[in-house]
Amino acid sequence: MKVLRATLVLVPILALTIAVPFVNHLDPTVFGLPFVLFWVVAWVFATPACLWLVGRVEGRW
Amino acid sequence: MSAAGLALGIVALVIVATILFALWSSWHVHTSPVEFIVGGRSFGTVFLWLLLAGEVYTSFTFLGAAGLAYGRGAPAYYILAYGTCGYVIGYFLLPAIWRVGKERGLLTGPDFFIDRYGSRTLGVGIALVQLVFMIPYVTLQLSGLQTLLALAGYGTFDATAAVGVAFLLIALFVFSAGLRGTAWASVIKDALVLAAVVFAGIALPLHFFGSIPGMFAHLRAAHAAMLTLAPAGAPNGTVWYVSTVLLTGIGFFMGPQSFAATYSARSESVLRRNAVFLPLYQVVLLLVFFAGFSALLIVPGLKGAKVDESFLLVVQRFYPPWVMGLVAAAGALAALVPASALLLGTASVAAKNVLGDGLGLARSDSARVLATRAFVLVIAVLALALWLFEKQTLVGLLLIVYNGITQAAPGVVSAFVWRRATAWGVGAGVAGGIATVICLTATPAPWGVNPGFLGLLVNVVLLVAVSIVTKSSLDSTRAYRRAD
């Protein structure tokens, strides 16, 4: 449980920080967005899902 | 009616209506410090959402983000990332801060430090750091407002004078409404800003380029290098991006207005729910980038602090004055409502912790409310002075704020996770962090790292080292230990 919780917290933060230099490309474009911008936007959407799951794991809702 | 008259008339009408609405909605509320500063610790999920969205999405979101996309391109992506990281950290930190605040009757960030570390001197020091580094944040709102009024005036009047008038309005607004009025005003603000951003971020690309992918195709042909980050060592390159997201994400909830918002919550779960869902609001920023990128293709050539005019200039040139008026009104509220929350939070800290704890003055309830109001004016005037002497882009101002404000974070985190952290350790960390930032403003930071981030590293090292060699003998740490 602890590991799952820590993963759900760390993955979005790592994806939005140290992962970004590695996806810093124009292609492939997604919905017309340069790939790096798409990556960041995708994680902005994924983060609430991760935090919501953390709450589930903690038994809060 | 002239174009300027119509546009400015709409702006004035919206501002006056918002102020009346806020006053009316908080008319009956009694003004004690607990009510005035932290809304009586009574805000539920929706109301706290309004307050947080009200103070987080500012002139910077509206103009500064577009200006950064216009002027630099990909570095603007950091704005999407840092708020999201801030909410992840906030999910854990805010409920913990709220719990000890409620148990021990804390009203401000420095109160938290005084209580946990048992040092009034440390609290006064933190208060002074917050006071100094929040001034550029108020200047940012002022500068955004000035840009809007100048463009809505179609070059017909002295915008500097108009900014003075607007600031008097906001001071009056803060005096009478307090935190509750600010949250209500942000209902109108958010509705208008959302409409304006959807217009600027979707209608502009559709009108000029047919579609959003079409706009990116044009950008790619003209400015391909701007769409990805520069390599590691370059200014605003990947190293800058990572260090800036970390610095500003960690500092996201460290400002005095954020402590006030946290303490205003009714319960811990109100804070958790907001941390989960507020990242979705960040998507608004994507539309702001679209507006900034469109402007780069339509009205190229803006330089320096002028980049913050980007999409407003497009609206001014290609759309009727009533559209300009509505967009400018949205932008004006995006400056005024957060300015109110920032002024209120910072003035509370100045009155309670600098005047009260530092100098032993204004300790009764009525004197404290009066002193808070006086500091609202003092801070507003200082922000105006900074605006007159230092012309910066909006993002430049925001990064100065975070360089200082984030230095409180190691002390807040270690309050909960490390029993041995001492007042000396935290104090040395903050002092070392700020000294590092000041040294690095003179010389460019190595590898393009954000100077505030290096300050944060120095801060953590000093906090640990000095805490180990000094002794803490406080019972109050017990209250902080249950928090995880």
# chains A, B, ... in the order shown; residues from 1 in each chain; ligands from 1
$ interface_residues --of "chain B" --to "chain A" --cutoff "8 Å" --atoms "only C-alpha atoms" --output "PDB file with N, CA and C atoms, in the first residue's frame"
ATOM      1  N   ALA B  74       8.525  27.571 -25.757  1.00  0.00           N
ATOM      2  CA  ALA B  74       8.438  26.389 -24.889  1.00  0.00           C
ATOM      3  C   ALA B  74       8.685  26.631 -23.398  1.00  0.00           C
ATOM      4  N   TYR B  77       5.808  26.324 -21.035  1.00  0.00           N
ATOM      5  CA  TYR B  77       5.197  25.062 -20.597  1.00  0.00           C
ATOM      6  C   TYR B  77       5.392  24.840 -19.101  1.00  0.00           C
ATOM      7  N   LEU B  80       2.274  25.268 -16.868  1.00  0.00           N
ATOM      8  CA  LEU B  80       1.331  24.149 -16.738  1.00  0.00           C
ATOM      9  C   LEU B  80       1.822  23.155 -15.695  1.00  0.00           C
ATOM     10  N   ALA B  81       3.141  22.909 -15.706  1.00  0.00           N
ATOM     11  CA  ALA B  81       3.709  21.844 -14.869  1.00  0.00           C
ATOM     12  C   ALA B  81       3.799  22.254 -13.398  1.00  0.00           C
ATOM     13  N   THR B  84       0.608  22.070 -11.257  1.00  0.00           N
ATOM     14  CA  THR B  84       0.195  20.681 -11.071  1.00  0.00           C
ATOM     15  C   THR B  84       1.048  20.015  -9.991  1.00  0.00           C
ATOM     16  N   CYS B  85       2.370  20.217 -10.044  1.00  0.00           N
ATOM     17  CA  CYS B  85       3.244  19.685  -8.989  1.00  0.00           C
ATOM     18  C   CYS B  85       2.876  20.310  -7.645  1.00  0.00           C
ATOM     19  N   VAL B  88       0.024  18.463  -6.081  1.00  0.00           N
ATOM     20  CA  VAL B  88       0.403  17.151  -5.550  1.00  0.00           C
ATOM     21  C   VAL B  88       1.010  17.330  -4.152  1.00  0.00           C
ATOM     22  N   TYR B  91      -1.603  18.379  -1.598  1.00  0.00           N
ATOM     23  CA  TYR B  91      -2.508  17.318  -1.143  1.00  0.00           C
ATOM     24  C   TYR B  91      -2.076  16.788   0.226  1.00  0.00           C
ATOM     25  N   ILE B 212      -6.509  24.960 -34.726  1.00  0.00           N
ATOM     26  CA  ILE B 212      -5.351  25.016 -33.825  1.00  0.00           C
ATOM     27  C   ILE B 212      -4.152  24.265 -34.417  1.00  0.00           C
ATOM     28  N   PRO B 213      -4.361  23.038 -34.972  1.00  0.00           N
ATOM     29  CA  PRO B 213      -3.217  22.418 -35.664  1.00  0.00           C
ATOM     30  C   PRO B 213      -2.681  23.308 -36.790  1.00  0.00           C
ATOM     31  N   GLY B 214      -3.591  24.032 -37.461  1.00  0.00           N
ATOM     32  CA  GLY B 214      -3.160  24.957 -38.509  1.00  0.00           C
ATOM     33  C   GLY B 214      -2.225  26.025 -37.965  1.00  0.00           C
ATOM     34  N   PHE B 216      -0.326  25.738 -35.320  1.00  0.00           N
ATOM     35  CA  PHE B 216       0.972  25.132 -34.997  1.00  0.00           C
ATOM     36  C   PHE B 216       1.791  24.873 -36.269  1.00  0.00           C
ATOM     37  N   ALA B 217       1.109  24.553 -37.375  1.00  0.00           N
ATOM     38  CA  ALA B 217       1.842  24.355 -38.636  1.00  0.00           C
ATOM     39  C   ALA B 217       2.530  25.654 -39.056  1.00  0.00           C
ATOM     40  N   LEU B 227       9.336  25.845 -30.219  1.00  0.00           N
ATOM     41  CA  LEU B 227       8.302  24.922 -29.746  1.00  0.00           C
ATOM     42  C   LEU B 227       8.826  23.824 -28.830  1.00  0.00           C
ATOM     43  N   THR B 228      10.155  23.662 -28.782  1.00  0.00           N
ATOM     44  CA  THR B 228      10.733  22.737 -27.809  1.00  0.00           C
ATOM     45  C   THR B 228      11.729  23.522 -26.960  1.00  0.00           C
ATOM     46  N   LEU B 229      12.119  22.929 -25.825  1.00  0.00           N
ATOM     47  CA  LEU B 229      13.057  23.606 -24.935  1.00  0.00           C
ATOM     48  C   LEU B 229      14.464  23.575 -25.524  1.00  0.00           C
ATOM     49  N   THR B 238      16.558  23.093 -20.792  1.00  0.00           N
ATOM     50  CA  THR B 238      15.914  22.030 -20.030  1.00  0.00           C
ATOM     51  C   THR B 238      16.278  22.072 -18.535  1.00  0.00           C
ATOM     52  N   TYR B 241      14.222  24.628 -16.992  1.00  0.00           N
ATOM     53  CA  TYR B 241      12.837  24.165 -16.887  1.00  0.00           C
ATOM     54  C   TYR B 241      12.641  23.290 -15.651  1.00  0.00           C
ATOM     55  N   VAL B 242      13.491  22.253 -15.507  1.00  0.00           N
ATOM     56  CA  VAL B 242      13.312  21.312 -14.397  1.00  0.00           C
ATOM     57  C   VAL B 242      13.480  22.038 -13.060  1.00  0.00           C
ATOM     58  N   VAL B 245      10.446  24.392 -12.384  1.00  0.00           N
ATOM     59  CA  VAL B 245       9.213  23.691 -12.002  1.00  0.00           C
ATOM     60  C   VAL B 245       9.319  23.223 -10.552  1.00  0.00           C
ATOM     61  N   LEU B 246      10.490  22.685 -10.168  1.00  0.00           N
ATOM     62  CA  LEU B 246      10.653  22.217  -8.787  1.00  0.00           C
ATOM     63  C   LEU B 246      10.553  23.384  -7.803  1.00  0.00           C
ATOM     64  N   VAL B 276      -7.054  17.762  -5.356  1.00  0.00           N
ATOM     65  CA  VAL B 276      -7.267  16.747  -6.394  1.00  0.00           C
ATOM     66  C   VAL B 276      -7.797  17.397  -7.673  1.00  0.00           C
ATOM     67  N   PHE B 277      -8.776  18.294  -7.532  1.00  0.00           N
ATOM     68  CA  PHE B 277      -9.461  18.751  -8.742  1.00  0.00           C
ATOM     69  C   PHE B 277      -8.947  20.059  -9.337  1.00  0.00           C
ATOM     70  N   LEU B 278      -8.239  20.858  -8.548  1.00  0.00           N
ATOM     71  CA  LEU B 278      -7.758  22.122  -9.111  1.00  0.00           C
ATOM     72  C   LEU B 278      -6.799  21.978 -10.296  1.00  0.00           C
ATOM     73  N   PRO B 279      -5.981  20.903 -10.386  1.00  0.00           N
ATOM     74  CA  PRO B 279      -5.115  20.807 -11.566  1.00  0.00           C
ATOM     75  C   PRO B 279      -5.892  20.896 -12.886  1.00  0.00           C
ATOM     76  N   LEU B 280      -7.141  20.407 -12.895  1.00  0.00           N
ATOM     77  CA  LEU B 280      -7.922  20.460 -14.142  1.00  0.00           C
ATOM     78  C   LEU B 280      -8.101  21.895 -14.631  1.00  0.00           C
ATOM     79  N   GLN B 282      -5.931  24.045 -14.659  1.00  0.00           N
ATOM     80  CA  GLN B 282      -4.705  24.449 -15.341  1.00  0.00           C
ATOM     81  C   GLN B 282      -4.862  24.445 -16.862  1.00  0.00           C
ATOM     82  N   VAL B 283      -5.848  23.667 -17.345  1.00  0.00           N
ATOM     83  CA  VAL B 283      -6.021  23.524 -18.787  1.00  0.00           C
ATOM     84  C   VAL B 283      -6.296  24.882 -19.437  1.00  0.00           C
ATOM     85  N   LEU B 286      -3.461  26.301 -21.274  1.00  0.00           N
ATOM     86  CA  LEU B 286      -3.163  25.848 -22.627  1.00  0.00           C
ATOM     87  C   LEU B 286      -3.781  26.821 -23.637  1.00  0.00           C
TER      88      LEU B 286
END
$ atom_distance --atom1 "atom CA of Ile170 of chain B" --atom2 "atom CA of Val197 of chain B"
23.2 Å
$ atom_distance --atom1 "atom CA of Leu457 of chain B" --atom2 "atom CA of Phe259 of chain B"
23.0 Å
$ closest_atom_pairs --of "segment 81-177 of chain B" --to "segment 31-44 of chain B" --cutoff "10 Å" --atoms "only C-alpha atoms" --output "CSV"
residue,atom,partner,partner_atom,distance
B:Trp98,CA,B:Arg41,CA,9.6
B:Gly101,CA,B:Arg41,CA,9.9
B:Lys102,CA,B:Arg41,CA,8.3
B:Gly105,CA,B:Val34,CA,9.4
B:Leu106,CA,B:Val34,CA,9.5
B:Leu107,CA,B:Val38,CA,6.8
B:Thr108,CA,B:Ile37,CA,8.5
B:Val174,CA,B:Phe36,CA,9.7
B:Phe175,CA,B:Phe36,CA,9.4
B:Ser176,CA,B:Thr31,CA,9.3
B:Ala177,CA,B:Phe36,CA,8.1
$ residues_around --residues "Pro95 of chain B" --least-positions-apart "6" --cutoff "9 Å" --atoms "only C-alpha atoms" --output "list in words"
Thr262, Ser267, Glu268, Ser269, Val270, Leu271, Arg272 and Ala483 of chain B
$ residues_around --residues "Trp184 of chain B" --least-positions-apart "2" --cutoff "9 Å" --atoms "only C-alpha atoms" --output "PDB file with C-alpha atoms, in the first residue's frame"
ATOM      1  CA  THR B  18     -17.996  43.318  -8.863  1.00  0.00           C
ATOM      2  CA  PHE B  21     -21.533  42.358  -5.429  1.00  0.00           C
ATOM      3  CA  ALA B  22     -18.680  41.501  -3.046  1.00  0.00           C
ATOM      4  CA  SER B  25     -22.464  39.325  -0.270  1.00  0.00           C
ATOM      5  CA  SER B  26     -20.344  39.904   2.834  1.00  0.00           C
ATOM      6  CA  PHE B  47     -16.083  28.299  -1.569  1.00  0.00           C
ATOM      7  CA  LEU B  50     -13.380  29.907  -5.575  1.00  0.00           C
ATOM      8  CA  LEU B  51     -10.849  31.479  -3.233  1.00  0.00           C
ATOM      9  CA  LEU B 179     -11.343  37.383   2.604  1.00  0.00           C
ATOM     10  CA  ARG B 180     -15.012  36.485   2.140  1.00  0.00           C
ATOM     11  CA  GLY B 181     -15.657  39.360  -0.268  1.00  0.00           C
ATOM     12  CA  THR B 182     -12.579  38.346  -2.251  1.00  0.00           C
ATOM     13  CA  SER B 186     -13.785  35.686  -7.841  1.00  0.00           C
ATOM     14  CA  VAL B 187     -17.106  34.148  -8.955  1.00  0.00           C
ATOM     15  CA  ILE B 188     -17.533  37.021 -11.410  1.00  0.00           C
TER      16      ILE B 188
END
$ decode --residues "segment 436-455 of chain B" --atoms "C-alpha atoms" --output "PDB file, in the first residue's frame"
ATOM      1  CA  THR B 436      22.439  32.635  -2.447  1.00  0.00           C
ATOM      2  CA  VAL B 437      19.611  34.095  -4.529  1.00  0.00           C
ATOM      3  CA  ILE B 438      20.917  37.642  -4.073  1.00  0.00           C
ATOM      4  CA  CYS B 439      24.494  36.621  -5.013  1.00  0.00           C
ATOM      5  CA  LEU B 440      23.240  34.852  -8.137  1.00  0.00           C
ATOM      6  CA  THR B 441      21.263  37.836  -9.439  1.00  0.00           C
ATOM      7  CA  ALA B 442      24.593  39.575 -10.018  1.00  0.00           C
ATOM      8  CA  THR B 443      26.117  36.697 -12.013  1.00  0.00           C
ATOM      9  CA  PRO B 444      24.198  34.267 -14.247  1.00  0.00           C
ATOM     10  CA  ALA B 445      23.635  30.912 -12.521  1.00  0.00           C
ATOM     11  CA  PRO B 446      25.740  27.948 -13.730  1.00  0.00           C
ATOM     12  CA  TRP B 447      24.191  25.593 -16.357  1.00  0.00           C
ATOM     13  CA  GLY B 448      21.139  27.839 -16.599  1.00  0.00           C
ATOM     14  CA  VAL B 449      19.800  26.595 -13.237  1.00  0.00           C
ATOM     15  CA  ASN B 450      17.115  28.720 -11.627  1.00  0.00           C
ATOM     16  CA  PRO B 451      18.915  30.728  -8.873  1.00  0.00           C
ATOM     17  CA  GLY B 452      16.048  30.207  -6.430  1.00  0.00           C
ATOM     18  CA  PHE B 453      16.482  26.446  -6.788  1.00  0.00           C
ATOM     19  CA  LEU B 454      20.182  26.657  -5.876  1.00  0.00           C
ATOM     20  CA  GLY B 455      19.122  28.806  -2.909  1.00  0.00           C
TER      21      GLY B 455
END
